[in-house]
Amino acid sequence: MAFSQFFMSLFKRGQAPATCIICEDETFKRGQAPATCNFCEEETKIKWKCTNCDVLMCAKCKDKIHAKLKNSKDHNVIDIKEIGIYRGEPDFNVLKCDIHSGQSCVMFCASCDTLVCALCIGNTHNGHVLVEISKGFNIRKEKFKSGQKKIEYKIGNLIKIKNEMTDVNMKDSAKYKDLIQGIEAQNVKVKNAADKYTDHLKSELNKKWRALQTEEIEKLEKVIVSLQGLLSSNVEDIVLSNDVEKLFIESSKLSCALNIAETNLGSISFLSGQISPNIMGSLQVVSNAVDVRIVQQFQTDISRVVYLSLCPDNSLWISDQDVLQKVKPVGHELTVESTFNIEVYGLAVTPTGDLLLVPDGSVLKQISGKTGELTDSIYNMSPLDPISIHVTKDGKVIVAAKSAGSLWPATGRRVIFVMNQKGEHETIYEHDKNNIRLFIYPLSITSTDNGNICLVDQLSKEYRGRVVVLNRDGDILQIYSGHDEINNEDNPFQPVNIVTTPSDNIIVAQLNNHIFHILNNCGHLIMHYNVGDAGISSAYSLCFTRNEEQLYIGCTTSVGSSEKAKLYEVHISGC
């Protein structure tokens with residue numbers, strides 16, 4: 001008897017069943033006779049249900065009657081307590097591959113956390129940890145349940161934050177008080193710095209005043225002696241004489257001497273600076289959280305991805321300084337399109353798709369985006385040697401360069417050239433208004449939409465460094481030297497790469513841990529984020545995709561390791 005027919009027979013007999021054994025609906029709870037076994041129609045202690053036969057059974061009939069039915073060993077018999085929970089066995093045959101049309105998924109790749117078909121296994125996932133789809137289903141089920149718990153926790157936490165924001169008066173807020181304290185602390189810092197620099201200027205004034213006085217007195221004494229030698233005792237005789245030739249000669253000498261006597265004495269002036277928000281700081285609404293999610297993970301065949309740049313066709317140039325490769329992401333793998341055994345100290349792709357390289361020499365190298373030919377470019381820094389390179393959105397080429405000599409301590413010149421697409425030097429940055437070096441060793445450069453140039457300035461061979469932000473006029477807007485919560489003597493600030501985000505902020509990668517420092521376009525810290533939490537270690541080089549929706553992160557490996565470096569494509573939000 002079918003399950004539905006069984007219930008109809010009960011109603012025909014004028015019997016109302018007890019609480020429904022499926023939904024426990026109160027409609028059936030009226031103290032009437034309970035349901036009986038579909039086979040014997042006597043036993044009320046229902047224990048089992050066969051989902052294939054759609055019948056309810058007592059324990060006795062399950063073994064004596066149902067077990068004798070044809071193919072019953074293949075039937076799915078479940079405990080009556082599971083009715084309402086059980087949804088049948090999952091059908092994995094409906095799963096189709098997202099990459100290869102028409103192919104069914106046959107395994108689950110635990111390494112990549114994704115379903116794969118036979119073609120996927122052969123092309124991309126060979127050597128990965130592959131498990132049955134059923135096991136992958138259980139893995140995903142646990143992640144899903146865990147994710148649900150995280151969502152519930154986050155909702156509760158957000159509601160708590162919302163209530164706190166609603167109930168707390170602005171001036172009673174701990175965050176508001178922290179901001180006020182930060183502003184006041186910066187005020188004290190600026191005042192102390194101004195007092196210190198005032199003392200410095202006074203000391204410099206004393207030195208320059210004495211030096212200038214000595215120099216000007218010596219200059220005046222020389223002029224006096226020179227003029228005294230030209231005085232003629234017989235000037236009246238020459239004037240009254242008719243010796244035309246002598247008069248012209250002597251008067252010319254006198255005129256020349258008088259011109260020399262018009263000596264412009266030097267003076268010292270104080271050129272007052274301007275107090276700007278860049279010195280004091282600014283208020284800005286920022287996100288309180290950065291989210292980094294790995295989209296794809298690639299294995300390279302080089303040990304370090306020190307340099308990384310994207311081409312217009314979405315292929316990538318990568319280099320470990322000794323080998324240069326053009327690679328293209330295809331599925332979950334990198335296809336190597338070309339390889340050059342060339343020393344590289346920096347690279348950047350122009351808007352036209354040409355690759356500019358920093359070589360061992362004064363002239364940048366170029367690889368044509370059309371022909372792939374390696375030639376000298378039109379960008380010449382002679383007699384200086386380039387250090388690093390950046391190409392702006394409008395095609396300007398920014399190159400840091402140095403003269404020969406010791407790197408640390410710095411000797412010779414340290415310069416940044418801004419060049420147009422003809423190779424002409426439009427702007428040069430080297431010293432501030434007090435003739436002090438702007439930077440020591442610009443390891444990495446980027447630019448922002450407001451025209452600022454931001455660079456990683458390496459201060460020692462141990463990679464200790466800072467971030468220097470220059471405006472269009474070459475003035476230092478900000479120097480960022482790390483954060484007290486992260487950086488100290490045991491864990492110094494060691495920035496190695498810098499990139500501008502789509503929202504015109506700056507991401508700085510740090511060598512000695514997994515921290516990204518996120519600054520605004522004037523160099524003020526917004527927040528820091530540990531990309532190790534997303535599963536990324538030894539991040540080094542950075543570049544955004546053309547649509548600026550994803551970030552590529554090139555990594556390095558341990559010194560002496562035989563492993564190859566990884567390249568990640570990540571989605572990053574909140575910065």
# chains A, B, ... in the order shown; residues from 1 in each chain; ligands from 1

call {"tool": "residues_around", "arguments": {"residues": "A:Val106", "least_positions_apart": "4", "cutoff": "9 Å", "atoms": "only C-alpha atoms", "output": "list of chain:residue names"}}
result
A:Phe92, A:Asn93, A:Leu95, A:Leu115, A:Val116, A:Cys117, A:Ala118, A:Glu132, A:Ile133

call {"tool": "write_last_selection", "arguments": {"atoms": "N, CA and C atoms", "output": "PDB file, in the first residue's frame"}}
result
ATOM      1  N   PHE A  92      25.513  13.581  -7.979  1.00  0.00           N
ATOM      2  CA  PHE A  92      26.712  14.268  -8.461  1.00  0.00           C
ATOM      3  C   PHE A  92      26.812  14.265  -9.986  1.00  0.00           C
ATOM      4  N   ASN A  93      25.938  13.521 -10.657  1.00  0.00           N
ATOM      5  CA  ASN A  93      25.990  13.446 -12.120  1.00  0.00           C
ATOM      6  C   ASN A  93      25.549  14.746 -12.789  1.00  0.00           C
ATOM      7  N   LEU A  95      26.599  17.691 -12.034  1.00  0.00           N
ATOM      8  CA  LEU A  95      27.654  18.706 -11.963  1.00  0.00           C
ATOM      9  C   LEU A  95      28.427  18.766 -13.271  1.00  0.00           C
ATOM     10  N   LEU A 115      35.726  21.839  -8.232  1.00  0.00           N
ATOM     11  CA  LEU A 115      35.355  20.636  -8.979  1.00  0.00           C
ATOM     12  C   LEU A 115      36.134  20.592 -10.289  1.00  0.00           C
ATOM     13  N   VAL A 116      36.499  19.393 -10.736  1.00  0.00           N
ATOM     14  CA  VAL A 116      37.287  19.269 -11.965  1.00  0.00           C
ATOM     15  C   VAL A 116      36.748  18.119 -12.806  1.00  0.00           C
ATOM     16  N   CYS A 117      36.880  18.289 -14.126  1.00  0.00           N
ATOM     17  CA  CYS A 117      36.542  17.216 -15.053  1.00  0.00           C
ATOM     18  C   CYS A 117      37.832  16.502 -15.459  1.00  0.00           C
ATOM     19  N   ALA A 118      37.714  15.505 -16.333  1.00  0.00           N
ATOM     20  CA  ALA A 118      38.887  14.743 -16.758  1.00  0.00           C
ATOM     21  C   ALA A 118      39.892  15.630 -17.488  1.00  0.00           C
ATOM     22  N   GLU A 132      37.290  12.148  -4.129  1.00  0.00           N
ATOM     23  CA  GLU A 132      35.967  11.917  -4.697  1.00  0.00           C
ATOM     24  C   GLU A 132      35.072  13.135  -4.458  1.00  0.00           C
ATOM     25  N   ILE A 133      34.133  13.308  -5.383  1.00  0.00           N
ATOM     26  CA  ILE A 133      33.231  14.461  -5.273  1.00  0.00           C
ATOM     27  C   ILE A 133      32.452  14.402  -3.966  1.00  0.00           C
TER      28      ILE A 133
END

call {"tool": "select_by_dssp", "arguments": {"residues": "stretch 505-571 of chain A", "states": "strand (DSSP E)", "output": "VMD selection string"}}
result
chain A and resid 506 to 510 515 to 519 525 to 530 539 to 544 551 to 555 566 to 571

call {"tool": "closest_residue", "arguments": {"among": "A:Gly331, A:Gly156, A:Gly560, A:Gly372", "to": "A:Leu119", "atoms": "only C-alpha atoms"}}
result
A:Gly331

call {"tool": "residues_around", "arguments": {"residues": "A:Leu455", "least_positions_apart": "3", "cutoff": "8 Å", "atoms": "only C-alpha atoms", "output": "PyMOL selection string"}}
result
chain A and resi 442-446+467-469+498

call {"tool": "residues_around", "arguments": {"residues": "A:Tyr379", "least_positions_apart": "4", "cutoff": "7 Å", "atoms": "only C-alpha atoms", "output": "PyMOL selection string"}}
result
chain A and resi 363-364+423

call {"tool": "closest_residue", "arguments": {"among": "A:Ala539, A:Cys105, A:Ile159, A:Leu355", "to": "A:Gly136", "atoms": "only C-alpha atoms"}}
result
A:Cys105

call {"tool": "residues_around", "arguments": {"residues": "A:Ala401", "least_positions_apart": "4", "cutoff": "7 Å", "atoms": "only C-alpha atoms", "output": "list in words"}}
result
Leu384, Asp385, Pro386, Ile387, Arg414, Val415 and Ile416 of chain A

call {"tool": "closest_residue", "arguments": {"among": "A:Ala509, A:Val306, A:Cys454, A:Leu130", "to": "A:His524", "atoms": "only C-alpha atoms"}}
result
A:Cys454

call {"tool": "residues_around", "arguments": {"residues": "stretch 64-77 of chain A", "least_positions_apart": "3", "cutoff": "10 Å", "atoms": "only C-alpha atoms", "output": "mmCIF file with N, CA and C atoms, in the first residue's frame"}}
result
data_model
loop_
_atom_site.group_PDB
_atom_site.id
_atom_site.type_symbol
_atom_site.label_atom_id
_atom_site.label_comp_id
_atom_site.auth_asym_id
_atom_site.auth_seq_id
_atom_site.Cartn_x
_atom_site.Cartn_y
_atom_site.Cartn_z
ATOM 1 N N PHE A 39 2.747 -2.871 6.198
ATOM 2 C CA PHE A 39 2.714 -4.284 5.811
ATOM 3 C C PHE A 39 1.737 -5.071 6.689
ATOM 4 N N CYS A 40 1.933 -5.093 7.983
ATOM 5 C CA CYS A 40 1.076 -5.893 8.863
ATOM 6 C C CYS A 40 -0.184 -5.163 9.304
ATOM 7 N N TRP A 48 10.915 2.124 10.539
ATOM 8 C CA TRP A 48 11.673 2.336 9.301
ATOM 9 C C TRP A 48 10.772 2.853 8.176
ATOM 10 N N LYS A 49 11.429 3.461 7.186
ATOM 11 C CA LYS A 49 10.748 3.831 5.938
ATOM 12 C C LYS A 49 11.659 3.492 4.767
ATOM 13 N N CYS A 50 11.055 2.861 3.733
ATOM 14 C CA CYS A 50 11.792 2.609 2.486
ATOM 15 C C CYS A 50 11.448 3.729 1.518
ATOM 16 N N THR A 51 12.458 4.508 1.116
ATOM 17 C CA THR A 51 12.208 5.649 0.222
ATOM 18 C C THR A 51 11.914 5.185 -1.193
ATOM 19 N N ASN A 52 12.326 3.957 -1.533
ATOM 20 C CA ASN A 52 12.041 3.436 -2.870
ATOM 21 C C ASN A 52 10.588 2.942 -2.966
ATOM 22 N N CYS A 53 10.141 2.219 -1.927
ATOM 23 C CA CYS A 53 8.768 1.690 -1.917
ATOM 24 C C CYS A 53 7.763 2.701 -1.384
ATOM 25 N N ASP A 54 8.270 3.718 -0.709
ATOM 26 C CA ASP A 54 7.417 4.722 -0.078
ATOM 27 C C ASP A 54 6.475 4.069 0.933
ATOM 28 N N VAL A 55 7.022 3.192 1.813
ATOM 29 C CA VAL A 55 6.226 2.534 2.842
ATOM 30 C C VAL A 55 6.873 2.695 4.205
ATOM 31 N N LEU A 56 6.030 2.689 5.244
ATOM 32 C CA LEU A 56 6.478 2.715 6.620
ATOM 33 C C LEU A 56 6.438 1.298 7.166
ATOM 34 N N MET A 57 7.409 0.935 7.990
ATOM 35 C CA MET A 57 7.512 -0.451 8.460
ATOM 36 C C MET A 57 7.885 -0.497 9.928
ATOM 37 N N ALA A 59 9.910 -2.910 12.793
ATOM 38 C CA ALA A 59 11.191 -3.606 12.708
ATOM 39 C C ALA A 59 11.006 -5.046 12.235
ATOM 40 N N LYS A 60 9.922 -5.662 12.626
ATOM 41 C CA LYS A 60 9.678 -7.066 12.263
ATOM 42 C C LYS A 60 9.419 -7.214 10.762
ATOM 43 N N CYS A 61 8.556 -6.363 10.219
ATOM 44 C CA CYS A 61 8.223 -6.445 8.796
ATOM 45 C C CYS A 61 9.400 -6.048 7.903
ATOM 46 N N ILE A 80 12.993 6.186 10.878
ATOM 47 C CA ILE A 80 11.832 7.064 10.826
ATOM 48 C C ILE A 80 12.145 8.451 11.376
ATOM 49 N N GLY A 88 17.308 12.513 0.375
ATOM 50 C CA GLY A 88 17.781 11.610 -0.667
ATOM 51 C C GLY A 88 19.276 11.759 -0.875
ATOM 52 N N GLU A 89 19.871 10.812 -1.584
ATOM 53 C CA GLU A 89 21.301 10.864 -1.878
ATOM 54 C C GLU A 89 21.587 11.967 -2.888
#

call {"tool": "residues_around", "arguments": {"residues": "A:Val330", "least_positions_apart": "4", "cutoff": "10 Å", "atoms": "only C-alpha atoms", "output": "list in words"}}
result
Thr124, Phe298, Ser315, Leu334 and Thr335 of chain A

call {"tool": "atom_distance", "arguments": {"atom1": "atom CA of A:Asp360", "atom2": "atom CA of A:Pro383"}}
result
12.6 Å

call {"tool": "select_by_dssp", "arguments": {"residues": "stretch 260-503 of chain A", "states": "alpha helix (DSSP H)", "output": "VMD selection string"}}
result
chain A and resid 260 to 261 277 to 280

call {"tool": "closest_residue", "arguments": {"among": "A:Met381, A:Ala400, A:Ile139, A:Leu316", "to": "A:Glu430", "atoms": "only C-alpha atoms"}}
result
A:Ala400
